[in-house]
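Below is coords-v6.pdb, holding PDB, C-alpha atoms.
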ATOM      1  CA  MET A   1     193.559 219.911-130.499  1.00  0.00           C
ATOM      2  CA  THR A   2     195.566 220.768-127.397  1.00  0.00           C
ATOM      3  CA  ASP A   3     193.759 220.643-124.038  1.00  0.00           C
ATOM      4  CA  GLU A   4     190.364 219.939-125.561  1.00  0.00           C
ATOM      5  CA  HIS A   5     188.029 219.650-122.585  1.00  0.00           C
ATOM      6  CA  PHE A   6     186.259 216.572-123.903  1.00  0.00           C
ATOM      7  CA  GLY A   7     186.793 215.606-127.509  1.00  0.00           C
ATOM      8  CA  ILE A   8     183.492 214.544-129.071  1.00  0.00           C
ATOM      9  CA  GLY A   9     185.233 214.080-132.422  1.00  0.00           C
ATOM     10  CA  VAL A  10     187.507 211.455-130.880  1.00  0.00           C
ATOM     11  CA  VAL A  11     184.497 209.643-129.388  1.00  0.00           C
ATOM     12  CA  GLU A  12     182.620 209.766-132.701  1.00  0.00           C
ATOM     13  CA  TYR A  13     185.364 208.138-134.699  1.00  0.00           C
ATOM     14  CA  MET A  14     185.950 205.547-131.968  1.00  0.00           C
ATOM     15  CA  ALA A  15     182.235 204.719-132.219  1.00  0.00           C
ATOM     16  CA  ALA A  16     182.750 204.237-135.955  1.00  0.00           C
ATOM     17  CA  GLY A  17     185.550 201.752-135.288  1.00  0.00           C
ATOM     18  CA  VAL A  18     188.428 204.045-136.187  1.00  0.00           C
ATOM     19  CA  ILE A  19     191.525 203.734-133.999  1.00  0.00           C
ATOM     20  CA  PRO A  20     192.111 207.219-132.596  1.00  0.00           C
ATOM     21  CA  ILE A  21     195.354 209.118-132.414  1.00  0.00           C
ATOM     22  CA  ALA A  22     194.505 212.016-130.115  1.00  0.00           C
ATOM     23  CA  HIS A  23     196.490 214.742-128.408  1.00  0.00           C
ATOM     24  CA  ASN A  24     197.959 213.564-125.112  1.00  0.00           C
ATOM     25  CA  SER A  25     196.136 216.131-122.973  1.00  0.00           C
ATOM     26  CA  ALA A  26     192.841 216.964-121.269  1.00  0.00           C
ATOM     27  CA  GLY A  27     189.725 214.933-122.162  1.00  0.00           C
ATOM     28  CA  PRO A  28     191.270 212.381-124.503  1.00  0.00           C
ATOM     29  CA  LYS A  29     194.003 211.632-121.957  1.00  0.00           C
ATOM     30  CA  MET A  30     191.808 211.649-118.848  1.00  0.00           C
ATOM     31  CA  ASP A  31     188.520 210.171-120.055  1.00  0.00           C
ATOM     32  CA  ILE A  32     188.441 208.901-123.610  1.00  0.00           C
ATOM     33  CA  VAL A  33     191.491 207.048-124.952  1.00  0.00           C
ATOM     34  CA  LEU A  34     191.797 204.666-122.011  1.00  0.00           C
ATOM     35  CA  ASP A  35     192.034 200.896-121.985  1.00  0.00           C
ATOM     36  CA  GLU A  36     188.723 199.062-122.078  1.00  0.00           C
ATOM     37  CA  ASP A  37     188.734 195.641-120.403  1.00  0.00           C
ATOM     38  CA  SER A  38     192.564 195.755-120.445  1.00  0.00           C
ATOM     39  CA  GLN A  39     192.527 196.325-124.212  1.00  0.00           C
ATOM     40  CA  GLN A  40     194.141 199.328-125.890  1.00  0.00           C
ATOM     41  CA  THR A  41     191.596 201.670-127.509  1.00  0.00           C
ATOM     42  CA  GLY A  42     193.906 204.025-129.375  1.00  0.00           C
ATOM     43  CA  PHE A  43     196.954 206.241-129.146  1.00  0.00           C
ATOM     44  CA  LEU A  44     197.858 209.495-127.442  1.00  0.00           C
ATOM     45  CA  ALA A  45     200.572 211.664-128.924  1.00  0.00           C
ATOM     46  CA  ARG A  46     202.119 215.065-128.340  1.00  0.00           C
ATOM     47  CA  PRO A  47     205.020 215.915-130.658  1.00  0.00           C
ATOM     48  CA  GLU A  48     204.776 215.211-134.364  1.00  0.00           C
ATOM     49  CA  GLU A  49     207.101 212.214-134.063  1.00  0.00           C
ATOM     50  CA  GLU A  50     204.674 210.448-131.704  1.00  0.00           C
ATOM     51  CA  TYR A  51     201.824 210.970-134.179  1.00  0.00           C
ATOM     52  CA  ALA A  52     203.969 209.541-136.972  1.00  0.00           C
ATOM     53  CA  ASP A  53     204.994 206.572-134.815  1.00  0.00           C
ATOM     54  CA  ALA A  54     201.343 205.868-133.940  1.00  0.00           C
ATOM     55  CA  ILE A  55     200.311 205.989-137.600  1.00  0.00           C
ATOM     56  CA  LEU A  56     203.074 203.546-138.515  1.00  0.00           C
ATOM     57  CA  GLU A  57     202.152 201.247-135.642  1.00  0.00           C
ATOM     58  CA  ILE A  58     198.528 201.118-136.775  1.00  0.00           C
ATOM     59  CA  LEU A  59     199.517 200.496-140.396  1.00  0.00           C
ATOM     60  CA  ARG A  60     201.867 197.682-139.346  1.00  0.00           C
ATOM     61  CA  MET A  61     199.415 196.001-136.958  1.00  0.00           C
ATOM     62  CA  PRO A  62     198.207 192.558-137.878  1.00  0.00           C
ATOM     63  CA  GLU A  63     194.563 192.724-138.888  1.00  0.00           C
ATOM     64  CA  SER A  64     193.490 190.680-135.859  1.00  0.00           C
ATOM     65  CA  LYS A  65     195.047 193.190-133.444  1.00  0.00           C
ATOM     66  CA  ARG A  66     193.665 196.150-135.379  1.00  0.00           C
ATOM     67  CA  LEU A  67     190.179 194.669-135.148  1.00  0.00           C
ATOM     68  CA  LYS A  68     190.573 194.095-131.379  1.00  0.00           C
ATOM     69  CA  VAL A  69     191.684 197.688-130.815  1.00  0.00           C
ATOM     70  CA  ALA A  70     188.823 198.996-132.979  1.00  0.00           C
ATOM     71  CA  ALA A  71     186.293 196.864-131.077  1.00  0.00           C
ATOM     72  CA  ALA A  72     187.648 198.110-127.742  1.00  0.00           C
ATOM     73  CA  ALA A  73     187.439 201.693-129.046  1.00  0.00           C
ATOM     74  CA  ARG A  74     183.788 201.138-130.025  1.00  0.00           C
ATOM     75  CA  LYS A  75     183.016 199.709-126.599  1.00  0.00           C
ATOM     76  CA  ARG A  76     184.776 202.624-124.865  1.00  0.00           C
ATOM     77  CA  ALA A  77     182.832 205.128-126.983  1.00  0.00           C
ATOM     78  CA  ALA A  78     179.554 203.572-125.846  1.00  0.00           C
ATOM     79  CA  ARG A  79     180.265 205.013-122.385  1.00  0.00           C
ATOM     80  CA  PHE A  80     179.502 208.433-123.879  1.00  0.00           C
ATOM     81  CA  SER A  81     176.214 207.578-125.579  1.00  0.00           C
ATOM     82  CA  GLU A  82     172.989 209.471-124.991  1.00  0.00           C
ATOM     83  CA  GLN A  83     171.425 206.316-123.530  1.00  0.00           C
ATOM     84  CA  ARG A  84     174.295 205.865-121.069  1.00  0.00           C
ATOM     85  CA  PHE A  85     174.052 209.533-120.044  1.00  0.00           C
ATOM     86  CA  TYR A  86     170.311 209.121-119.453  1.00  0.00           C
ATOM     87  CA  GLU A  87     170.781 205.953-117.379  1.00  0.00           C
ATOM     88  CA  ASP A  88     173.582 207.456-115.284  1.00  0.00           C
ATOM     89  CA  PHE A  89     171.677 210.704-114.745  1.00  0.00           C
ATOM     90  CA  LYS A  90     168.515 208.846-113.750  1.00  0.00           C
ATOM     91  CA  SER A  91     170.350 206.586-111.294  1.00  0.00           C
ATOM     92  CA  THR A  92     171.958 209.640-109.712  1.00  0.00           C
ATOM     93  CA  ILE A  93     168.907 211.895-109.517  1.00  0.00           C
ATOM     94  CA  LEU A  94     166.183 209.399-108.497  1.00  0.00           C
ATOM     95  CA  PRO A  95     167.555 208.851-104.972  1.00  0.00           C
ATOM     96  CA  VAL A  96     167.733 212.627-104.467  1.00  0.00           C
ATOM     97  CA  LEU A  97     164.173 213.108-105.686  1.00  0.00           C
ATOM     98  CA  SER A  98     162.836 210.276-103.548  1.00  0.00           C
ATOM     99  CA  GLN A  99     164.385 211.846-100.422  1.00  0.00           C
ATOM    100  CA  SER A 100     162.655 215.165-101.009  1.00  0.00           C
ATOM    101  CA  SER A 101     159.166 213.616-101.257  1.00  0.00           C
TER     102      SER A 101
END

Conversion result in structure tokens:
Amino acid sequence: MTDEHFGIGVVEYMAAGVIPIAHNSAGPKMDIVLDEDSQQTGFLARPEEEYADAILEILRMPESKRLKVAAAARKRAARFSEQRFYEDFKSTILPVLSQSS
């Protein structure tokens, strides 16, 4: 999807260990398909040729590399979990609440 503001579908399949090939725009480009600990987490593509090239690259990857990319994708997806949201929200709001008391 072009200019998808976030891309929950991309995050969900990263969490499942699938190497994403997402549109090179908006949320996937800015927040989701980014390196994790200097490890590639997936591919961004725009024209059809880039999608085809990414598919071929994944299919031709040695299993060890494919597993590393999938593990990095899973780790990156964890940044968007409900637990992480709760922890980040709590750490942001507690100092504000304690100042108003």

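Around the point (178.9, 210.9, -131.0), within 12 Å and counting all atoms listed in the file, we find these residues: Phe6, Gly7, Ile8, Gly9, Val10, Val11, Glu12, Tyr13, Met14, Ala15, Ala16, Arg74, Arg76, Ala77, Ala78, Arg79, Phe80, Ser81, Glu82 and Gln83 of chain A.
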
Hits from the PyMOL selection byres ((chain A and resi 47) around 12), listed as a PDB file with C-alpha atoms, keeping the file's coordinate frame:
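Saved the output as result.pdb:
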ATOM      1  CA  THR A   2     195.566 220.768-127.397  1.00  0.00           C
ATOM      2  CA  ILE A  21     195.354 209.118-132.414  1.00  0.00           C
ATOM      3  CA  ALA A  22     194.505 212.016-130.115  1.00  0.00           C
ATOM      4  CA  HIS A  23     196.490 214.742-128.408  1.00  0.00           C
ATOM      5  CA  ASN A  24     197.959 213.564-125.112  1.00  0.00           C
ATOM      6  CA  SER A  25     196.136 216.131-122.973  1.00  0.00           C
ATOM      7  CA  LEU A  44     197.858 209.495-127.442  1.00  0.00           C
ATOM      8  CA  ALA A  45     200.572 211.664-128.924  1.00  0.00           C
ATOM      9  CA  ARG A  46     202.119 215.065-128.340  1.00  0.00           C
ATOM     10  CA  GLU A  48     204.776 215.211-134.364  1.00  0.00           C
ATOM     11  CA  GLU A  49     207.101 212.214-134.063  1.00  0.00           C
ATOM     12  CA  GLU A  50     204.674 210.448-131.704  1.00  0.00           C
ATOM     13  CA  TYR A  51     201.824 210.970-134.179  1.00  0.00           C
ATOM     14  CA  ALA A  52     203.969 209.541-136.972  1.00  0.00           C
ATOM     15  CA  ASP A  53     204.994 206.572-134.815  1.00  0.00           C
ATOM     16  CA  ALA A  54     201.343 205.868-133.940  1.00  0.00           C
TER      17      ALA A  54
END

What is the distance, in Å and to one decimal place, between CA of Val18 in chain A and CA of Ser38 in chain A?
18.3 Å

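Look at Ala72 in chain A: the protein and nucleic acid residues within 6 Å of it, using all atoms listed in the file and passing over chain neighbours fewer than 3 places away, are Glu36, Thr41, Val69 and Lys75 of chain A.
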
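Straight-line separation from CA of Lys65 in chain A to CA of Ala26 in chain A: 26.8 Å.
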
What lies within 8 Å of Gly17 in chain A using all atoms listed in the file, ignoring chain neighbours under 6 positions off, as a CSV table (one decimal) with C-alpha atoms, in the frame of the given file?
chain,number,residue,atom,x,y,z
A,70,ALA,CA,188.8,199.0,-133.0
A,71,ALA,CA,186.3,196.9,-131.1
A,73,ALA,CA,187.4,201.7,-129.0
A,74,ARG,CA,183.8,201.1,-130.0

Find the residue from A:Ile19, A:Tyr86, A:Ser91, A:Gln99 that sits nearest to Met61 in chain A; use all atoms listed in the file when measuring.
A:Ile19

Can you work out which one of A:Ile32, A:Pro20, A:Ser98, A:Asp88 has the shortest atom-to-atom distance to Arg66 in chain A, counting only C-alpha atoms?
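Looking at the shortest contact to Arg66 in chain A, the residue is A:Pro20.
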
Distance CA of Lys68 in chain A-CA of Asp37 in chain A, one decimal place?
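Separation of CA of Lys68 in chain A and CA of Asp37 in chain A: 11.2 Å.
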
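Nearest residue to Ile55 in chain A among A:Gly42, A:Glu87, A:Leu67, A:Lys29 is A:Gly42, counting all atoms listed in the file.
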
Box dimensions and centre (Å, one decimal) enclosing range 76-95 of chain A, axis-aligned, 8 Å extra per side, as AutoDock Vina command-line options:
--center_x 175.5 --center_y 207.3 --center_z -116.0 --size_x 34.6 --size_y 25.3 --size_z 38.0
